[in-house]
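Pasting target_19.cif here (mmCIF, C-alpha atoms):
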```
data_data
loop_
_atom_site.label_atom_id
_atom_site.label_comp_id
_atom_site.auth_asym_id
_atom_site.auth_seq_id
_atom_site.Cartn_x
_atom_site.Cartn_y
_atom_site.Cartn_z
CA MET A 1 -23.36 -61.79 35.14
CA ASN A 2 -26.83 -60.31 35.69
CA PHE A 3 -25.79 -59.08 39.13
CA THR A 4 -22.78 -57.22 37.67
CA LYS A 5 -24.95 -55.79 34.91
CA ASN A 6 -27.50 -54.53 37.43
CA ILE A 7 -24.77 -52.93 39.54
CA LEU A 8 -23.34 -51.13 36.52
CA LEU A 9 -26.81 -50.03 35.45
CA SER A 10 -27.55 -48.69 38.93
CA LEU A 11 -24.24 -46.81 39.01
CA LYS A 12 -25.01 -45.31 35.61
CA TRP A 13 -28.35 -43.94 36.80
CA ILE A 14 -26.89 -42.66 40.06
CA LEU A 15 -24.28 -40.82 37.98
CA ILE A 16 -27.02 -39.39 35.75
CA CYS A 17 -29.00 -38.28 38.80
CA ALA A 18 -25.93 -36.68 40.34
CA LEU A 19 -25.10 -34.78 37.15
CA ILE A 20 -28.70 -33.63 36.60
CA GLY A 21 -29.00 -32.65 40.26
CA LEU A 22 -25.73 -30.73 40.17
CA LEU A 23 -26.49 -28.90 36.93
CA SER A 24 -30.18 -28.22 37.62
CA GLY A 25 -29.49 -27.26 41.23
CA SER A 26 -26.77 -24.86 40.13
CA ALA A 27 -29.08 -23.34 37.53
CA SER A 28 -31.80 -22.89 40.17
CA ALA A 29 -29.30 -21.36 42.61
CA PHE A 30 -28.30 -18.84 39.96
CA LEU A 31 -31.96 -18.14 39.21
CA LEU A 32 -32.76 -17.51 42.89
CA VAL A 33 -29.80 -15.15 43.29
CA ALA A 34 -30.65 -13.34 40.06
CA LEU A 35 -34.30 -12.88 41.03
CA GLU A 36 -33.32 -11.56 44.46
CA TRP A 37 -31.01 -9.06 42.77
CA ALA A 38 -33.76 -8.07 40.32
CA ALA A 39 -36.32 -7.65 43.13
CA GLN A 40 -34.02 -5.44 45.21
CA LEU A 41 -33.06 -3.28 42.25
CA ARG A 42 -36.69 -2.90 41.18
CA THR A 43 -37.85 -2.11 44.72
CA GLN A 44 -35.30 0.70 44.94
CA ASN A 45 -36.17 1.97 41.46
CA ILE A 46 -39.90 1.51 40.85
CA TRP A 47 -39.63 3.55 37.66
CA LEU A 48 -38.02 0.50 36.03
CA ILE A 49 -41.54 -0.72 35.34
CA TRP A 50 -41.68 1.70 32.40
CA PHE A 51 -39.11 -0.52 30.69
CA LEU A 52 -41.39 -3.56 31.00
CA PRO A 53 -42.80 -3.12 27.44
CA PHE A 54 -39.29 -3.07 25.95
CA GLY A 55 -38.29 -6.07 28.04
CA GLY A 56 -41.41 -7.84 26.79
CA LEU A 57 -40.55 -6.94 23.20
CA LEU A 58 -37.06 -8.40 23.65
CA ILE A 59 -38.50 -11.61 25.11
CA GLY A 60 -41.03 -11.81 22.27
CA LEU A 61 -38.38 -11.31 19.59
CA LEU A 62 -36.03 -13.88 21.14
CA TYR A 63 -38.73 -16.56 21.28
CA HIS A 64 -40.19 -15.66 17.87
CA TYR A 65 -36.90 -15.89 15.99
CA TYR A 66 -34.86 -18.30 18.10
CA GLY A 67 -37.20 -20.17 20.43
CA LYS A 68 -40.37 -21.18 18.61
CA ASP A 69 -39.62 -24.84 19.28
CA VAL A 70 -39.39 -24.26 23.06
CA ALA A 71 -42.10 -21.61 23.46
CA LYS A 72 -44.56 -24.12 24.95
CA GLY A 73 -42.44 -24.26 28.10
CA ASN A 74 -43.69 -26.72 30.72
CA ASN A 75 -46.30 -28.01 28.31
CA LEU A 76 -43.52 -29.15 25.96
CA LEU A 77 -42.12 -31.32 28.77
CA LEU A 78 -45.55 -32.87 29.35
CA GLU A 79 -46.06 -33.49 25.63
CA GLU A 80 -42.63 -35.04 25.18
CA TYR A 81 -43.31 -37.34 28.10
CA LYS A 82 -46.61 -38.53 26.65
CA THR A 83 -45.43 -38.84 23.03
CA PRO A 84 -41.62 -38.60 22.78
CA LYS A 85 -40.50 -37.13 19.46
CA LYS A 86 -37.17 -35.34 19.74
CA THR A 87 -34.74 -34.19 22.41
CA ILE A 88 -35.74 -30.92 24.07
CA PRO A 89 -33.34 -28.22 22.82
CA LEU A 90 -30.85 -27.08 25.45
CA LYS A 91 -31.54 -23.47 24.44
CA MET A 92 -34.78 -23.71 26.40
CA ALA A 93 -32.74 -23.19 29.60
CA PRO A 94 -30.96 -19.89 28.80
CA LEU A 95 -33.98 -18.47 26.99
CA VAL A 96 -36.40 -19.00 29.87
CA LEU A 97 -33.77 -17.89 32.40
CA LEU A 98 -33.14 -14.61 30.59
CA GLY A 99 -36.86 -14.06 29.97
CA THR A 100 -37.68 -14.61 33.64
CA ILE A 101 -34.99 -12.23 34.89
CA ILE A 102 -36.20 -9.53 32.47
CA THR A 103 -39.81 -10.06 33.56
CA HIS A 104 -38.96 -9.70 37.25
CA LEU A 105 -36.48 -6.85 36.86
CA PHE A 106 -39.08 -4.67 35.20
CA GLY A 107 -41.94 -5.62 37.52
CA GLY A 108 -43.94 -8.28 35.75
CA SER A 109 -46.15 -10.43 37.98
CA ALA A 110 -44.77 -13.93 37.54
CA GLY A 111 -43.21 -16.85 39.37
CA ARG A 112 -40.09 -18.99 39.07
CA GLU A 113 -41.17 -22.65 39.15
CA GLY A 114 -41.75 -22.76 35.39
CA THR A 115 -38.23 -21.50 34.79
CA ALA A 116 -36.58 -24.00 37.11
CA VAL A 117 -38.59 -26.93 35.74
CA GLN A 118 -37.87 -25.96 32.13
CA MET A 119 -34.16 -25.59 32.85
CA GLY A 120 -34.16 -28.95 34.62
CA GLY A 121 -36.06 -30.62 31.79
CA ALA A 122 -33.81 -29.18 29.07
CA ILE A 123 -30.66 -30.14 30.97
CA SER A 124 -31.79 -33.66 31.82
CA ASP A 125 -32.95 -34.49 28.29
CA GLN A 126 -29.44 -33.88 26.92
CA PHE A 127 -28.34 -37.09 28.64
CA ASN A 128 -30.50 -38.92 26.11
CA ARG A 129 -27.90 -38.06 23.49
CA ILE A 130 -24.94 -38.88 25.70
CA PHE A 131 -26.13 -42.30 26.88
CA LYS A 132 -28.24 -43.25 23.81
CA LEU A 133 -31.30 -44.14 25.90
CA ASP A 134 -34.51 -45.73 24.66
CA THR A 135 -37.98 -44.14 24.81
CA THR A 136 -38.79 -45.48 28.28
CA ASP A 137 -35.54 -44.20 29.74
CA ARG A 138 -36.02 -40.85 28.04
CA LYS A 139 -39.31 -40.50 29.88
CA THR A 140 -37.38 -41.12 33.08
CA LEU A 141 -35.04 -38.26 32.16
CA ILE A 142 -37.98 -35.85 31.86
CA ILE A 143 -39.24 -36.92 35.27
CA LEU A 144 -35.77 -36.32 36.70
CA GLY A 145 -35.59 -32.85 35.17
CA ILE A 146 -38.95 -31.79 36.58
CA SER A 147 -38.10 -33.23 39.99
CA ALA A 148 -34.69 -31.56 40.15
CA GLY A 149 -36.00 -28.17 39.04
CA PHE A 150 -38.93 -28.14 41.45
CA ALA A 151 -37.01 -29.48 44.45
CA SER A 152 -34.13 -27.06 44.04
CA VAL A 153 -36.10 -23.87 43.46
CA PHE A 154 -38.45 -24.36 46.43
CA GLY A 155 -36.18 -26.29 48.80
CA THR A 156 -38.68 -29.15 49.07
CA PRO A 157 -37.04 -32.37 47.80
CA LEU A 158 -39.84 -34.75 48.81
CA ALA A 159 -42.53 -32.58 47.23
CA GLY A 160 -40.37 -32.08 44.14
CA ALA A 161 -39.96 -35.81 43.62
CA ILE A 162 -43.67 -36.50 44.10
CA PHE A 163 -44.73 -33.50 41.99
CA ALA A 164 -42.76 -34.83 39.01
CA LEU A 165 -44.55 -38.17 39.32
CA GLU A 166 -48.01 -36.79 40.07
CA VAL A 167 -48.10 -34.12 37.36
CA LEU A 168 -47.31 -36.90 34.84
CA TYR A 169 -49.98 -39.22 36.21
CA CYS A 170 -51.37 -39.60 32.69
CA SER A 171 -49.49 -42.86 32.11
CA LYS A 172 -47.82 -45.67 33.98
CA ILE A 173 -44.65 -44.63 35.79
CA SER A 174 -42.09 -47.31 36.57
CA LEU A 175 -40.71 -48.08 40.00
CA LYS A 176 -37.27 -47.14 38.71
CA SER A 177 -38.46 -43.66 37.69
CA SER A 178 -40.14 -43.20 41.06
CA ILE A 179 -37.00 -44.06 43.03
CA LEU A 180 -34.72 -41.99 40.79
CA SER A 181 -37.07 -39.01 41.11
CA PHE A 182 -36.32 -38.91 44.84
CA VAL A 183 -32.59 -39.44 44.31
CA VAL A 184 -32.24 -36.55 41.85
CA ALA A 185 -34.44 -34.28 43.99
CA PHE A 186 -32.06 -34.58 46.92
CA PHE A 187 -29.00 -34.10 44.71
CA ALA A 188 -30.54 -30.88 43.35
CA TYR A 189 -31.68 -29.70 46.77
CA TYR A 190 -28.28 -30.15 48.39
CA THR A 191 -26.59 -28.49 45.42
CA VAL A 192 -28.50 -25.29 46.18
CA GLU A 193 -27.57 -25.67 49.84
CA ILE A 194 -23.88 -26.05 48.93
CA TRP A 195 -24.05 -22.85 46.90
CA GLY A 196 -25.24 -21.12 50.07
CA VAL A 197 -28.55 -20.00 48.58
CA HIS A 198 -31.40 -19.95 51.09
CA HIS A 199 -35.15 -20.35 50.63
CA THR A 200 -37.91 -18.34 52.30
CA GLN A 201 -38.91 -19.76 55.68
CA TYR A 202 -42.56 -19.99 56.77
CA SER A 203 -44.11 -21.20 60.00
CA ILE A 204 -47.49 -21.97 61.54
CA PRO A 205 -46.93 -21.44 65.28
CA VAL A 206 -50.40 -22.46 66.49
CA ILE A 207 -52.15 -25.66 65.36
CA PRO A 208 -55.61 -26.16 66.89
CA GLU A 209 -57.27 -29.52 67.54
CA LEU A 210 -58.87 -31.13 64.49
CA ASN A 211 -62.42 -31.47 65.84
CA LEU A 212 -65.81 -31.37 64.12
CA GLU A 213 -66.18 -27.61 64.50
CA ASN A 214 -62.82 -26.88 62.91
CA LEU A 215 -63.48 -29.40 60.16
CA LEU A 216 -66.71 -27.58 59.31
CA TRP A 217 -64.64 -24.42 58.83
CA ILE A 218 -61.93 -26.16 56.81
CA ILE A 219 -64.34 -27.52 54.19
CA PRO A 220 -65.84 -24.23 52.91
CA SER A 221 -62.48 -22.43 53.04
CA SER A 222 -60.89 -25.27 51.04
CA ILE A 223 -63.65 -25.07 48.45
CA LEU A 224 -62.88 -21.36 48.09
CA PHE A 225 -59.20 -22.23 47.60
CA GLY A 226 -60.22 -24.63 44.84
CA LEU A 227 -62.39 -22.02 43.15
CA ALA A 228 -59.52 -19.51 43.32
CA ALA A 229 -57.32 -22.10 41.59
CA MET A 230 -59.97 -22.53 38.90
CA VAL A 231 -60.20 -18.77 38.28
CA PHE A 232 -56.40 -18.50 38.14
CA SER A 233 -56.07 -21.28 35.56
CA ARG A 234 -58.89 -19.97 33.40
CA SER A 235 -57.53 -16.42 33.65
CA THR A 236 -54.15 -17.39 32.21
CA HIS A 237 -55.74 -19.37 29.38
CA PHE A 238 -58.22 -16.54 28.68
CA TRP A 239 -55.56 -13.85 28.28
CA THR A 240 -53.37 -16.12 26.17
CA SER A 241 -56.25 -16.86 23.80
CA LEU A 242 -57.48 -13.26 23.66
CA LEU A 243 -54.08 -11.74 22.91
CA LYS A 244 -53.35 -14.35 20.25
CA LYS A 245 -56.60 -13.42 18.50
CA THR A 246 -56.07 -9.68 18.93
CA ILE A 247 -52.34 -9.35 18.11
CA SER A 248 -51.13 -11.52 15.25
CA TYR A 249 -47.40 -10.69 15.56
CA PRO A 250 -46.21 -12.59 18.69
CA PRO A 251 -43.40 -10.21 19.81
CA LEU A 252 -45.90 -7.38 20.11
CA ARG A 253 -48.04 -9.23 22.65
CA PRO A 254 -45.66 -8.81 25.61
CA TYR A 255 -44.86 -5.28 24.39
CA VAL A 256 -48.51 -4.22 24.47
CA GLY A 257 -49.09 -6.25 27.64
CA GLY A 258 -46.17 -4.47 29.32
CA ILE A 259 -47.58 -1.05 28.43
CA ILE A 260 -51.02 -1.89 29.81
CA PHE A 261 -49.59 -3.44 32.98
CA ALA A 262 -47.30 -0.48 33.68
CA LEU A 263 -50.08 2.06 33.08
CA ILE A 264 -52.31 0.28 35.60
CA VAL A 265 -49.86 -0.79 38.31
CA TYR A 266 -47.57 2.25 38.58
CA PRO A 267 -50.27 4.93 39.14
CA LEU A 268 -51.96 2.68 41.70
CA GLY A 269 -48.72 2.19 43.58
CA ALA A 270 -49.43 -1.55 43.53
CA SER A 271 -45.80 -2.61 43.77
CA LYS A 272 -46.66 -5.63 45.93
CA PHE A 273 -48.13 -7.27 42.84
CA MET A 274 -44.86 -6.99 40.93
CA GLY A 275 -42.52 -9.95 40.74
CA LEU A 276 -42.92 -12.88 43.12
CA GLY A 277 -44.63 -10.97 45.93
CA ILE A 278 -42.71 -12.84 48.66
CA PRO A 279 -42.95 -10.01 51.25
CA THR A 280 -46.75 -10.00 50.88
CA ILE A 281 -46.88 -13.79 51.23
CA VAL A 282 -44.80 -13.67 54.42
CA GLU A 283 -46.94 -10.85 55.83
CA ALA A 284 -50.11 -12.84 55.15
CA PHE A 285 -49.09 -15.33 57.86
CA SER A 286 -49.29 -12.68 60.59
CA LYS A 287 -51.54 -9.89 59.32
CA PRO A 288 -54.92 -10.17 57.53
CA SER A 289 -54.57 -9.42 53.84
CA GLU A 290 -56.92 -7.14 51.95
CA TYR A 291 -59.88 -9.04 50.55
CA TYR A 292 -58.98 -8.03 46.99
CA ASP A 293 -55.26 -8.94 47.06
CA PHE A 294 -55.74 -12.48 45.77
CA LEU A 295 -58.05 -11.32 42.98
CA LEU A 296 -55.63 -8.68 41.73
CA LYS A 297 -52.76 -11.18 41.78
CA ILE A 298 -54.84 -13.56 39.67
CA LEU A 299 -55.65 -10.76 37.23
CA PHE A 300 -52.12 -9.39 36.93
CA THR A 301 -50.34 -12.76 36.73
CA GLY A 302 -52.80 -14.19 34.23
CA PHE A 303 -52.40 -11.10 32.06
CA ILE A 304 -48.58 -11.01 32.26
CA LEU A 305 -48.11 -14.71 31.50
CA GLY A 306 -50.84 -14.61 28.88
CA SER A 307 -49.01 -11.75 27.19
CA GLY A 308 -45.92 -13.87 26.73
CA PHE A 309 -43.68 -12.90 29.64
CA LYS A 310 -41.71 -15.69 31.29
CA GLY A 311 -41.54 -17.05 34.83
CA GLY A 312 -44.02 -19.44 36.32
CA GLU A 313 -47.37 -19.74 38.00
CA VAL A 314 -46.61 -21.47 41.28
CA THR A 315 -45.30 -18.62 43.45
CA PRO A 316 -48.21 -16.41 42.31
CA LEU A 317 -50.46 -19.34 43.29
CA PHE A 318 -48.79 -19.27 46.72
CA PHE A 319 -49.55 -15.53 46.86
CA VAL A 320 -53.18 -16.08 45.89
CA GLY A 321 -53.69 -18.88 48.40
CA ALA A 322 -51.87 -17.23 51.31
CA THR A 323 -53.62 -13.86 50.92
CA LEU A 324 -57.03 -15.49 50.44
CA GLY A 325 -56.54 -17.62 53.55
CA SER A 326 -55.27 -14.60 55.46
CA ALA A 327 -58.30 -12.54 54.43
CA LEU A 328 -60.64 -15.38 55.47
CA SER A 329 -59.17 -15.28 58.99
CA VAL A 330 -61.36 -12.22 59.62
CA PHE A 331 -64.44 -14.46 59.29
CA ILE A 332 -63.17 -17.95 60.08
CA PRO A 333 -62.12 -18.72 63.67
CA LEU A 334 -58.89 -20.51 62.80
CA PRO A 335 -55.34 -19.17 63.32
CA ILE A 336 -54.34 -16.76 60.57
CA ALA A 337 -51.05 -18.55 59.87
CA LEU A 338 -52.86 -21.87 59.51
CA LEU A 339 -55.38 -20.46 57.03
CA ALA A 340 -52.60 -18.74 55.06
CA GLY A 341 -50.58 -21.96 55.02
CA MET A 342 -53.57 -24.03 53.95
CA GLY A 343 -54.32 -21.63 51.12
CA PHE A 344 -50.63 -21.47 50.18
CA VAL A 345 -50.55 -25.12 49.11
CA ALA A 346 -54.26 -25.80 48.46
CA VAL A 347 -54.59 -23.30 45.60
CA PHE A 348 -51.45 -24.77 44.08
CA SER A 349 -52.96 -28.24 44.48
CA GLY A 350 -56.12 -27.27 42.63
CA ALA A 351 -54.31 -25.53 39.77
CA THR A 352 -51.87 -28.38 39.09
CA HIS A 353 -53.99 -31.44 40.04
CA THR A 354 -51.26 -32.55 42.47
CA PRO A 355 -52.83 -32.84 45.94
CA LEU A 356 -50.34 -35.38 47.27
CA ALA A 357 -47.26 -33.36 46.29
CA CYS A 358 -48.82 -30.21 47.74
CA THR A 359 -49.62 -31.96 51.02
CA ILE A 360 -46.01 -33.11 51.29
CA MET A 361 -44.84 -29.61 50.41
CA GLY A 362 -46.98 -28.19 53.21
CA ILE A 363 -45.44 -30.61 55.67
CA GLU A 364 -41.91 -29.76 54.50
CA LEU A 365 -42.57 -26.03 54.76
CA PHE A 366 -44.79 -25.80 57.83
CA GLY A 367 -44.06 -28.93 59.86
CA ILE A 368 -45.72 -32.30 60.44
CA GLU A 369 -48.08 -30.80 63.05
CA SER A 370 -50.11 -29.13 60.31
CA ALA A 371 -50.35 -32.27 58.14
CA LEU A 372 -54.04 -33.07 58.69
CA PHE A 373 -55.23 -29.53 58.05
CA ILE A 374 -52.95 -29.16 55.02
CA GLY A 375 -53.91 -32.54 53.57
CA ILE A 376 -57.66 -31.98 53.88
CA ALA A 377 -57.38 -28.52 52.32
CA CYS A 378 -55.28 -29.79 49.40
CA PHE A 379 -57.59 -32.66 48.49
CA ILE A 380 -60.81 -30.63 48.79
CA ALA A 381 -59.33 -27.78 46.74
CA TYR A 382 -58.15 -30.33 44.18
CA LEU A 383 -61.69 -31.68 43.80
CA ALA A 384 -63.30 -28.22 43.74
CA SER A 385 -61.01 -26.65 41.15
CA GLY A 386 -62.49 -28.15 38.02
CA SER A 387 -60.82 -30.12 35.24
CA ILE A 388 -58.74 -27.30 33.75
CA GLY A 389 -55.36 -26.55 35.31
CA ILE A 390 -52.48 -24.22 34.51
CA TYR A 391 -50.87 -26.81 32.20
CA HIS A 392 -53.16 -27.30 29.22
CA SER A 393 -51.14 -30.35 28.06
CA GLN A 394 -51.61 -32.12 31.37
CA THR A 395 -53.89 -35.15 31.32
CA VAL A 396 -56.23 -35.22 34.30
CA LYS A 397 -56.62 -38.67 35.82
CA GLY A 398 -57.44 -40.11 39.21
CA VAL A 399 -60.36 -39.22 41.50
CA LYS A 400 -61.05 -35.85 39.89
CA TYR A 401 -61.16 -37.36 36.40
CA HIS A 402 -63.75 -39.97 37.37
CA LEU A 403 -65.77 -37.42 39.35
CA TYR A 404 -66.05 -34.96 36.47
CA GLU A 405 -66.67 -37.70 33.92
CA LYS A 406 -69.57 -38.92 36.07
CA ILE A 407 -70.97 -35.37 36.31
CA LYS A 408 -70.65 -34.93 32.55
CA THR A 409 -72.40 -38.23 31.89
CA THR A 410 -75.23 -37.33 34.28
CA ARG A 411 -75.77 -33.99 32.54
CA LEU A 412 -75.94 -35.62 29.10
CA LYS A 413 -78.38 -38.22 30.42
CA TYR A 414 -80.88 -35.81 31.98
CA PHE A 415 -80.42 -32.63 29.96
#
```
For the file at hand, write its structure as structure tokens.
Amino acid sequence: MNFTKNILLSLKWILICALIGLLSGSASAFLLVALEWAAQLRTQNIWLIWFLPFGGLLIGLLYHYYGKDVAKGNNLLLEEYKTPKKTIPLKMAPLVLLGTIITHLFGGSAGREGTAVQMGGAISDQFNRIFKLDTTDRKTLIILGISAGFASVFGTPLAGAIFALEVLYCSKISLKSSILSFVVAFFAYYTVEIWGVHHTQYSIPVIPELNLENLLWIIPSSILFGLAAMVFSRSTHFWTSLLKKTISYPPLRPYVGGIIFALIVYPLGASKFMGLGIPTIVEAFSKPSEYYDFLLKILFTGFILGSGFKGGEVTPLFFVGATLGSALSVFIPLPIALLAGMGFVAVFSGATHTPLACTIMGIELFGIESALFIGIACFIAYLASGSIGIYHSQTVKGVKYHLYEKIKTTRLKYF
């Protein structure tokens, strides 16, 4: 009897994973195609940036009048996981999808991970109503949504599965949730593949020996990656707080932000800071970036997202890390592609407190040969990036938590 019950229960969860993977993967595939279309259209018509304020106003009005309960985005998923209250409204998916396409079409500096994760989370949580699940199983659904969204939008199923578990490290995660996170990640990943949508390919052609000399170069560069992650996280929170205090009517924040962004970026001809910035990321692996590229991307992305535009932070974090690593290649005697690749995932690691997922992502993207360099960079950047990440609702636990608690206690004791 118990054996039959367990079989039926397993089949139920495999079905749920398949459906979430199919729906989330399809949503991500559509997002990727739509953003590619938006990027090409914007590149051919740079003047579209002058419509960014009106696009921002539309996004602001939609969220103010129809999406207040989903405006927290990724933070809502984290909060619902920690203290489940009510099913995440399905409208989160179309709202963030439309907002992201508008942001990218008119040149806003934003990413796509937040959109995919929110769509995945909103889709997966609907199965709570269908299957009448309890609180523990509903938490599993949120993990599955995050995993499916992340894995499908970046083409990294292993990293997606681990990211969903690691970003929710704040409480105990069951073995069942861990296994299902991998299952749904592969369903979502292969769904995108079936749709014929391809992800950007990166490579690190030369991997040097990991000796003492190279290690002494990895450490300071990784600390810089961690500090860049800290500045990025604080920048986004700063602009969000400042604009909330300055402009009381929420829909006007992205409108005013769009005007300021367009007036700065268009005259400077800084089109590489619009949208995802994929061409600049790819170029960073073969040609040294300008020393200020990563700083401007931090500034522009923090301002755009802080204004209320939609998208995500992760691809901009890739931009920041890759261009910083590329620029450091002028001073550090390591291959430029290796430094760019290390920065690519290490800055992301520091900003999201997910060093393990980022290490796995680096291996999936760049190959197992780079694993030691990538892993060291991710964990050092994670420790150096401070206790504040891009998700203000995320609870920081693990090594970093104990390290910063010890530092805080020491300061109180002696000062």
Which is closer to Val256 (chain A) than all the others in A:Leu299, A:Leu165, A:Ile304, A:Val96, using all atoms listed in the file?
A:Ile304
Using all atoms listed in the file, which residues sit within 7 Å of region 64-73 of chain A once same-chain residues fewer than 4 positions away are excluded, as a PyMOL selection string?
chain A and resi 60+92+118+250-251
Could you give me, as a ChimeraX atom specification, the residues within 6 Å of region 372-384 of chain A, counting only C-alpha atoms and dropping anything in the same chain fewer than 3 positions from it?
/A:222-223,225-226,342,346,349-350,353,355,359,400
Keeping only C-alpha atoms, take the residues you just selected and write them out as a JSON list (two decimals), in the frame of the given file.
```json
[["chain", "number", "residue", "atom", "x", "y", "z"],
["A", 222, "SER", "CA", -60.89, -25.27, 51.04],
["A", 223, "ILE", "CA", -63.65, -25.07, 48.45],
["A", 225, "PHE", "CA", -59.20, -22.23, 47.60],
["A", 226, "GLY", "CA", -60.22, -24.63, 44.84],
["A", 342, "MET", "CA", -53.57, -24.03, 53.95],
["A", 346, "ALA", "CA", -54.26, -25.80, 48.46],
["A", 349, "SER", "CA", -52.96, -28.24, 44.48],
["A", 350, "GLY", "CA", -56.12, -27.27, 42.63],
["A", 353, "HIS", "CA", -53.99, -31.44, 40.04],
["A", 355, "PRO", "CA", -52.83, -32.84, 45.94],
["A", 359, "THR", "CA", -49.62, -31.96, 51.02],
["A", 400, "LYS", "CA", -61.05, -35.85, 39.89]]
```
Distance query 6 Å from (-56.7, -13.3, 52.8) using only C-alpha atoms, result as a ChimeraX atom specification
/A:288-289,291,323-328
Would you mind listing what lies within 10 Å of region 228-244 of chain A as a PDB file with C-alpha atoms, in the coordinates of the input, with all atoms listed in the file counted and same-chain residues fewer than 4 positions away left out?
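In the end it all went to around_8.pdb:
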```pdb
ATOM      1  CA  SER A 222     -60.890 -25.270  51.040  1.00  0.00           C
ATOM      2  CA  ILE A 223     -63.650 -25.070  48.450  1.00  0.00           C
ATOM      3  CA  LEU A 224     -62.880 -21.360  48.090  1.00  0.00           C
ATOM      4  CA  SER A 248     -51.130 -11.520  15.250  1.00  0.00           C
ATOM      5  CA  TYR A 249     -47.400 -10.690  15.560  1.00  0.00           C
ATOM      6  CA  PRO A 250     -46.210 -12.590  18.690  1.00  0.00           C
ATOM      7  CA  LEU A 252     -45.900  -7.380  20.110  1.00  0.00           C
ATOM      8  CA  ARG A 253     -48.040  -9.230  22.650  1.00  0.00           C
ATOM      9  CA  PRO A 254     -45.660  -8.810  25.610  1.00  0.00           C
ATOM     10  CA  VAL A 256     -48.510  -4.220  24.470  1.00  0.00           C
ATOM     11  CA  GLY A 257     -49.090  -6.250  27.640  1.00  0.00           C
ATOM     12  CA  PHE A 294     -55.740 -12.480  45.770  1.00  0.00           C
ATOM     13  CA  LEU A 295     -58.050 -11.320  42.980  1.00  0.00           C
ATOM     14  CA  LYS A 297     -52.760 -11.180  41.780  1.00  0.00           C
ATOM     15  CA  ILE A 298     -54.840 -13.560  39.670  1.00  0.00           C
ATOM     16  CA  LEU A 299     -55.650 -10.760  37.230  1.00  0.00           C
ATOM     17  CA  PHE A 300     -52.120  -9.390  36.930  1.00  0.00           C
ATOM     18  CA  THR A 301     -50.340 -12.760  36.730  1.00  0.00           C
ATOM     19  CA  GLY A 302     -52.800 -14.190  34.230  1.00  0.00           C
ATOM     20  CA  PHE A 303     -52.400 -11.100  32.060  1.00  0.00           C
ATOM     21  CA  ILE A 304     -48.580 -11.010  32.260  1.00  0.00           C
ATOM     22  CA  LEU A 305     -48.110 -14.710  31.500  1.00  0.00           C
ATOM     23  CA  GLY A 306     -50.840 -14.610  28.880  1.00  0.00           C
ATOM     24  CA  SER A 307     -49.010 -11.750  27.190  1.00  0.00           C
ATOM     25  CA  GLY A 308     -45.920 -13.870  26.730  1.00  0.00           C
ATOM     26  CA  GLU A 313     -47.370 -19.740  38.000  1.00  0.00           C
ATOM     27  CA  PRO A 316     -48.210 -16.410  42.310  1.00  0.00           C
ATOM     28  CA  LEU A 317     -50.460 -19.340  43.290  1.00  0.00           C
ATOM     29  CA  VAL A 320     -53.180 -16.080  45.890  1.00  0.00           C
ATOM     30  CA  GLY A 321     -53.690 -18.880  48.400  1.00  0.00           C
ATOM     31  CA  LEU A 324     -57.030 -15.490  50.440  1.00  0.00           C
ATOM     32  CA  GLY A 343     -54.320 -21.630  51.120  1.00  0.00           C
ATOM     33  CA  ALA A 346     -54.260 -25.800  48.460  1.00  0.00           C
ATOM     34  CA  VAL A 347     -54.590 -23.300  45.600  1.00  0.00           C
ATOM     35  CA  PHE A 348     -51.450 -24.770  44.080  1.00  0.00           C
ATOM     36  CA  SER A 349     -52.960 -28.240  44.480  1.00  0.00           C
ATOM     37  CA  GLY A 350     -56.120 -27.270  42.630  1.00  0.00           C
ATOM     38  CA  ALA A 351     -54.310 -25.530  39.770  1.00  0.00           C
ATOM     39  CA  THR A 352     -51.870 -28.380  39.090  1.00  0.00           C
ATOM     40  CA  ALA A 381     -59.330 -27.780  46.740  1.00  0.00           C
ATOM     41  CA  TYR A 382     -58.150 -30.330  44.180  1.00  0.00           C
ATOM     42  CA  ALA A 384     -63.300 -28.220  43.740  1.00  0.00           C
ATOM     43  CA  SER A 385     -61.010 -26.650  41.150  1.00  0.00           C
ATOM     44  CA  GLY A 386     -62.490 -28.150  38.020  1.00  0.00           C
ATOM     45  CA  SER A 387     -60.820 -30.120  35.240  1.00  0.00           C
ATOM     46  CA  ILE A 388     -58.740 -27.300  33.750  1.00  0.00           C
ATOM     47  CA  GLY A 389     -55.360 -26.550  35.310  1.00  0.00           C
ATOM     48  CA  ILE A 390     -52.480 -24.220  34.510  1.00  0.00           C
ATOM     49  CA  TYR A 391     -50.870 -26.810  32.200  1.00  0.00           C
ATOM     50  CA  HIS A 392     -53.160 -27.300  29.220  1.00  0.00           C
TER      51      HIS A 392
END
```
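You can rank A:Lys5, A:Lys287, A:Arg42, A:Lys272 by their closest distance to Phe319 (chain A) using all atoms listed in the file, and at the top of that list sits A:Lys272.
Nearest residue to Ser24 (chain A) among A:Gly341, A:Gly121, A:Gly55, A:Gly108 is A:Gly121, counting only C-alpha atoms.
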Per residue of region 300-340 of chain A within 8 Å of region 197-218 of chain A, note the shortest atom pair and the distance in Å to one decimal, counting only C-alpha atoms, and order the rows by chain and increasing residue number, as JSON lines.
```
{"residue": "A:Ile332", "atom": "CA", "partner": "A:Trp217", "partner_atom": "CA", "distance": 6.8}
{"residue": "A:Pro333", "atom": "CA", "partner": "A:Trp217", "partner_atom": "CA", "distance": 7.9}
{"residue": "A:Leu334", "atom": "CA", "partner": "A:Asn214", "partner_atom": "CA", "distance": 7.5}
{"residue": "A:Pro335", "atom": "CA", "partner": "A:Val206", "partner_atom": "CA", "distance": 6.7}
{"residue": "A:Ala337", "atom": "CA", "partner": "A:Ile204", "partner_atom": "CA", "distance": 5.2}
{"residue": "A:Leu338", "atom": "CA", "partner": "A:Ile204", "partner_atom": "CA", "distance": 5.7}
```
